[in-house]
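The structure appears right after this line, and notes come after that.
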Amino acid sequence: MHDPRLDSLRSALPGLRLATEPDELLHYGRDWTRRWTPAPLAVALPGDTREVQAVLRWASDEGVPVVPSGGRTGLSGGAVAANGELVLSLERMRRVLAFDPVDRSLTVEAGTPLEAVQEAARAHGLQYPVDFAARGSCTIGGNIATNAGGIRVLRYGNTREWVAGLKLVTAAGELLDLNRGLVKNSSGYDLRHLAIASEGTLGVVVEATLRLAPPPPPVATLLLALPSFDVLMQVFQALRERLSLEAFEFFTDVALRHVLAHGAQAPFDTGHPYYVVVDAAAVGPDDPHLLDAFAHCAEQGWVEDGVVAQSHAQALQLWRLREGITEALAPHLPYKNDVAVRVSAMPAFIAEAQALLATHYPGFEVAWFGHIGDGNLHINVLKPAALEQDAFVERCGAVTAHLAGLVERHAGTISAEHGIGLVKKPYLGCTRSAAEIAVMRAVRAALDPAGILNPGKLFDPPSR
Ligand code: 2HG
Ligand code: ZN
């Protein structure tokens, strides 16, 4: 159906690239959640910051809601456009703008894919250390909007740690140049950090200046098979004492089974309940520190089997077992949890979470995996084939209310790294106090008084 607002947009911005075909609306209107039916008004594909400003000025004047859009690999519905919003895709804005060898920084447009940022850093003999499986499709703007974490947080921290400056376009089309790459800046509120993890509700990130780190040390990759969840934290502690860990990731046999069914190669002759994949600084696969650490864990009975990658290709194979999980589970329309507690609270939290989920999900396949060293667990509940999607989501939502209560009792968070979006919105109050949410609302209202930026995400507007 023809919408007169499109004529208005076209006449306000005659040069703007706009996509309106049904397949384009479908593609740009959804993220990886696949729970909502995309129904955007249209997709704007600006080529530079001035166009982003002009689109937002138009949207503010017309009262048209806008969904900022990166690679749409999100898992919380933060980039879903299901209510006639204008999708503002940054995908054409993917230039690397500058490298500064003294500041060790890289300035990129927000639509630059994470992998392209990593490659640009490597080309200058440095690294951009935030990393996760969606690196090829996700964009730096989306990473900033959710404060993305990933598999190297243990060693390098989240996206937030690496953003030295960013440019943000507000709902009114104003361009804010936040922190300008400074290392020190004690001049009042750090609006850069407000924008990070704001899920597109405070403005549109158009450019970022990223800090780079020295290249990583040579690492050895190990895969260990463990008999129980209880020993997981002990193995983590033992390895952390003996080695310099670059990554420590775990997954269960359920997760592995799906990755193997998806074409990966089985690591051991027999199955085991739990696995960890570890990258540790090492001179090679025979590094004595590595072998000592492994021997210690085996002596304690914490490790049933293990393998050290003998080549880069084998290391990639081992990592595929962990990184391939999301894709392998996707056909089962999993209900995703992304919870975190302090690392010290993990053993108690895990014991209670296991008991809770066993009670509430009898007979369901549940895959546990994630970033145990950061206190962050991904718990994916797979949809039984016989159950309708809506009934499944409703059932899982009810269980999540219990899980959120448990998270709250352990002073954790309902979203560690995927954001709140639409999916976790009902549970925000278990992680943030009413007073905190009131402050967040006030901040949002200050930056976007008309409420056009990603409405309905993170929290609902106050009822009038
Ligand atoms: C990961 O750690 C991602 O692989 C995705 O955060 C987690 O699919 C998930 O639940
Ligand atoms: Zn993760």
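Labeling convention for the structure tokens: chains A, B, ... as they appear, residues from 1 per chain, ligands from 1 in order of appearance.
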Discussion item. Please extract the residues of range 63-140 of chain A with a backbone DSSP assignment of helix (DSSP H, G or I) and present them as a list in words.
Written reply: Leu114, Glu115, Ala116, Val117, Gln118, Glu119, Ala120, Ala121, Arg122, Ala123, Ala133, Ala134, Arg135, Gly136 and Ile140 of chain A
Fill in: Distance query Phe349 in chain A at most 9 Å, only C-alpha atoms, self and fewer than 5 positions along chain excluded, as a VMD selection string
chain A and resid 341 354 406 to 407 410
I need the residues from that last selection saved to file as a PDB file, in the first residue's frame (with N, CA and C atoms), if you can.
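Output contents, as saved in selection.pdb:
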ATOM      1  N   VAL A 341      26.247 -13.543  36.260  1.00  0.00           N
ATOM      2  CA  VAL A 341      26.420 -13.157  37.665  1.00  0.00           C
ATOM      3  C   VAL A 341      27.919 -12.924  37.870  1.00  0.00           C
ATOM      4  N   GLN A 354      20.375 -24.905  37.370  1.00  0.00           N
ATOM      5  CA  GLN A 354      20.188 -26.273  36.832  1.00  0.00           C
ATOM      6  C   GLN A 354      18.941 -26.910  37.437  1.00  0.00           C
ATOM      7  N   LEU A 406      15.887 -15.634  40.007  1.00  0.00           N
ATOM      8  CA  LEU A 406      17.132 -16.244  40.504  1.00  0.00           C
ATOM      9  C   LEU A 406      18.333 -15.334  40.210  1.00  0.00           C
ATOM     10  N   VAL A 407      18.339 -14.792  39.018  1.00  0.00           N
ATOM     11  CA  VAL A 407      19.409 -13.849  38.634  1.00  0.00           C
ATOM     12  C   VAL A 407      19.409 -12.662  39.599  1.00  0.00           C
ATOM     13  N   HIS A 410      20.882 -13.370  42.898  1.00  0.00           N
ATOM     14  CA  HIS A 410      22.350 -13.467  42.844  1.00  0.00           C
ATOM     15  C   HIS A 410      22.979 -12.170  42.319  1.00  0.00           C
TER      16      HIS A 410
END
Item to complete: Pick out the residues sitting within 8 Å of Arg192 in chain A, and hand them over as a VMD selection string; count only C-alpha atoms, and ignore anything fewer than 6 positions along from it in its own chain.
Response: chain A and resid 165 to 166 178 to 179
Fill in: Contacts to ligand 1 at 7 Å cut-off (only C-alpha atoms and all ligand atoms) as a list in words
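Taking only C-alpha atoms and all ligand atoms into account, the residues around ligand 1 at most 7 Å away are Phe132, Ala133, Gly150, Ile151, Glu323, Ile325, Thr326, Lys336, Asn337, Asp338, Gly370, His371, His378, Ile379, Asn380, Glu417 and His418 of chain A.
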Residue contacts of Thr359 in chain A (12 Å, only C-alpha atoms) excluding same-chain residues fewer than 6 positions away, as a PDB file with C-alpha atoms, in the first residue's frame:
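Below is the file that was written, selection_21.pdb:
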ATOM      1  CA  GLU A 352      20.198 -23.394  41.431  1.00  0.00           C
ATOM      2  CA  ALA A 353      19.701 -22.612  37.751  1.00  0.00           C
ATOM      3  CA  VAL A 399      10.197 -19.983  33.033  1.00  0.00           C
ATOM      4  CA  HIS A 402      11.664 -17.635  37.502  1.00  0.00           C
ATOM      5  CA  LEU A 403      15.181 -17.498  36.081  1.00  0.00           C
TER       6      LEU A 403
END
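Across range 339-420 of chain A, DSSP run on the backbone finds strand (DSSP E or B) at Val339, Ala340, Val366, Ala367, Trp368, Phe369, Gly370, His371, Asn376, Leu377, His378, Ile379, Asn380, Val381, Thr413 and Ser415 of chain A.
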Could you turn the residues from that selection into a file that holds N, CA, C and O atoms, as a PDB file, in the first residue's frame?
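Listed below is the output, result-v4.pdb:
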ATOM      1  N   VAL A 339      22.403 -14.878  30.579  1.00  0.00           N
ATOM      2  CA  VAL A 339      22.451 -14.350  31.948  1.00  0.00           C
ATOM      3  C   VAL A 339      23.891 -14.254  32.440  1.00  0.00           C
ATOM      4  O   VAL A 339      24.777 -14.954  31.938  1.00  0.00           O
ATOM      5  N   ALA A 340      24.111 -13.395  33.421  1.00  0.00           N
ATOM      6  CA  ALA A 340      25.442 -13.316  34.030  1.00  0.00           C
ATOM      7  C   ALA A 340      25.318 -12.983  35.508  1.00  0.00           C
ATOM      8  O   ALA A 340      24.412 -12.264  35.924  1.00  0.00           O
ATOM      9  N   VAL A 366      17.955 -28.750  26.358  1.00  0.00           N
ATOM     10  CA  VAL A 366      18.505 -27.446  26.763  1.00  0.00           C
ATOM     11  C   VAL A 366      20.012 -27.470  26.548  1.00  0.00           C
ATOM     12  O   VAL A 366      20.698 -28.357  27.062  1.00  0.00           O
ATOM     13  N   ALA A 367      20.509 -26.520  25.778  1.00  0.00           N
ATOM     14  CA  ALA A 367      21.952 -26.455  25.500  1.00  0.00           C
ATOM     15  C   ALA A 367      22.561 -25.306  26.306  1.00  0.00           C
ATOM     16  O   ALA A 367      22.126 -24.161  26.191  1.00  0.00           O
ATOM     17  N   TRP A 368      23.554 -25.644  27.127  1.00  0.00           N
ATOM     18  CA  TRP A 368      24.251 -24.636  27.935  1.00  0.00           C
ATOM     19  C   TRP A 368      25.611 -24.403  27.290  1.00  0.00           C
ATOM     20  O   TRP A 368      26.309 -25.341  26.927  1.00  0.00           O
ATOM     21  N   PHE A 369      25.996 -23.165  27.201  1.00  0.00           N
ATOM     22  CA  PHE A 369      27.346 -22.857  26.709  1.00  0.00           C
ATOM     23  C   PHE A 369      27.678 -21.406  27.050  1.00  0.00           C
ATOM     24  O   PHE A 369      26.834 -20.678  27.564  1.00  0.00           O
ATOM     25  N   GLY A 370      28.907 -21.037  26.765  1.00  0.00           N
ATOM     26  CA  GLY A 370      29.228 -19.627  26.941  1.00  0.00           C
ATOM     27  C   GLY A 370      30.528 -19.327  27.628  1.00  0.00           C
ATOM     28  O   GLY A 370      31.474 -20.112  27.595  1.00  0.00           O
ATOM     29  N   HIS A 371      30.500 -18.145  28.277  1.00  0.00           N
ATOM     30  CA  HIS A 371      31.731 -17.472  28.682  1.00  0.00           C
ATOM     31  C   HIS A 371      31.864 -17.593  30.196  1.00  0.00           C
ATOM     32  O   HIS A 371      31.650 -16.618  30.928  1.00  0.00           O
ATOM     33  N   ASN A 376      29.167 -15.511  32.475  1.00  0.00           N
ATOM     34  CA  ASN A 376      28.076 -15.362  31.484  1.00  0.00           C
ATOM     35  C   ASN A 376      27.716 -16.715  30.858  1.00  0.00           C
ATOM     36  O   ASN A 376      28.538 -17.366  30.247  1.00  0.00           O
ATOM     37  N   LEU A 377      26.444 -17.087  31.066  1.00  0.00           N
ATOM     38  CA  LEU A 377      25.950 -18.358  30.524  1.00  0.00           C
ATOM     39  C   LEU A 377      24.925 -18.116  29.429  1.00  0.00           C
ATOM     40  O   LEU A 377      24.032 -17.292  29.592  1.00  0.00           O
ATOM     41  N   HIS A 378      25.033 -18.860  28.336  1.00  0.00           N
ATOM     42  CA  HIS A 378      23.967 -18.897  27.346  1.00  0.00           C
ATOM     43  C   HIS A 378      23.202 -20.192  27.573  1.00  0.00           C
ATOM     44  O   HIS A 378      23.800 -21.275  27.581  1.00  0.00           O
ATOM     45  N   ILE A 379      21.914 -20.066  27.772  1.00  0.00           N
ATOM     46  CA  ILE A 379      21.078 -21.253  27.969  1.00  0.00           C
ATOM     47  C   ILE A 379      20.038 -21.233  26.860  1.00  0.00           C
ATOM     48  O   ILE A 379      19.156 -20.369  26.839  1.00  0.00           O
ATOM     49  N   ASN A 380      20.176 -22.140  25.918  1.00  0.00           N
ATOM     50  CA  ASN A 380      19.255 -22.198  24.767  1.00  0.00           C
ATOM     51  C   ASN A 380      18.287 -23.368  24.971  1.00  0.00           C
ATOM     52  O   ASN A 380      18.724 -24.523  25.095  1.00  0.00           O
ATOM     53  N   VAL A 381      17.007 -23.055  24.989  1.00  0.00           N
ATOM     54  CA  VAL A 381      15.986 -24.102  25.112  1.00  0.00           C
ATOM     55  C   VAL A 381      15.466 -24.376  23.705  1.00  0.00           C
ATOM     56  O   VAL A 381      14.995 -23.456  23.026  1.00  0.00           O
ATOM     57  N   THR A 413      22.590 -10.248  35.955  1.00  0.00           N
ATOM     58  CA  THR A 413      21.876  -9.527  34.892  1.00  0.00           C
ATOM     59  C   THR A 413      21.157 -10.499  33.951  1.00  0.00           C
ATOM     60  O   THR A 413      21.663 -11.598  33.673  1.00  0.00           O
ATOM     61  N   SER A 415      20.619  -9.791  30.876  1.00  0.00           N
ATOM     62  CA  SER A 415      21.297  -9.738  29.582  1.00  0.00           C
ATOM     63  C   SER A 415      22.752  -9.337  29.779  1.00  0.00           C
ATOM     64  O   SER A 415      23.052  -8.203  30.176  1.00  0.00           O
TER      65      SER A 415
END
Fill in: Long-range neighbours of range 121-125 of chain A as a PyMOL selection string, 10 Å cut-off, only C-alpha atoms, 3 positions minimum in chain
chain A and resi 99-101+104-106+115-118+128-129+210-215
Practice prompt. List the neighbours of Pro65 in chain A out to 7 Å using only C-alpha atoms; skip same-chain residues closer than 5 positions along the sequence, and give me the result as number ranges by chain.
Written response: A: 59, 85-86, 452-455
Discussion item. Which residues are near Asp305 in chain A? Cut-off 8 Å, only C-alpha atoms, ignore same chain within fewer than 3 positions. Put them as a ChimeraX atom specification.
Written reply: /A:224-226,268
Serialized selection, C-alpha atoms, as a CSV table (one decimal), in the first residue's frame:
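To be explicit, this is the file written out as selection29.csv:
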chain,number,residue,atom,x,y,z
A,224,LEU,CA,39.1,-30.5,27.5
A,225,ALA,CA,36.3,-33.0,28.4
A,226,LEU,CA,35.0,-32.7,31.9
A,268,PHE,CA,37.0,-37.6,21.0
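Distances here use only C-alpha atoms and all ligand atoms; by that measure, the residue among A:Gln265, A:Asn147, A:Thr221, A:Asn185 closest to ligand 2 is A:Asn147.
Considering only C-alpha atoms, the residue among A:Ala401, A:Ala39, A:Ala298, A:Leu290 positioned nearest to Gly429 in chain A is A:Ala401.
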Worksheet item: For Ala450 in chain A, which residue out of A:Gly63, A:Gly29, A:Pro362, A:Gly397 is the nearest one, using only C-alpha atoms?
Response: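 Looking only at the distances to Ala450 in chain A, the closest residue turns out to be A:Gly63.
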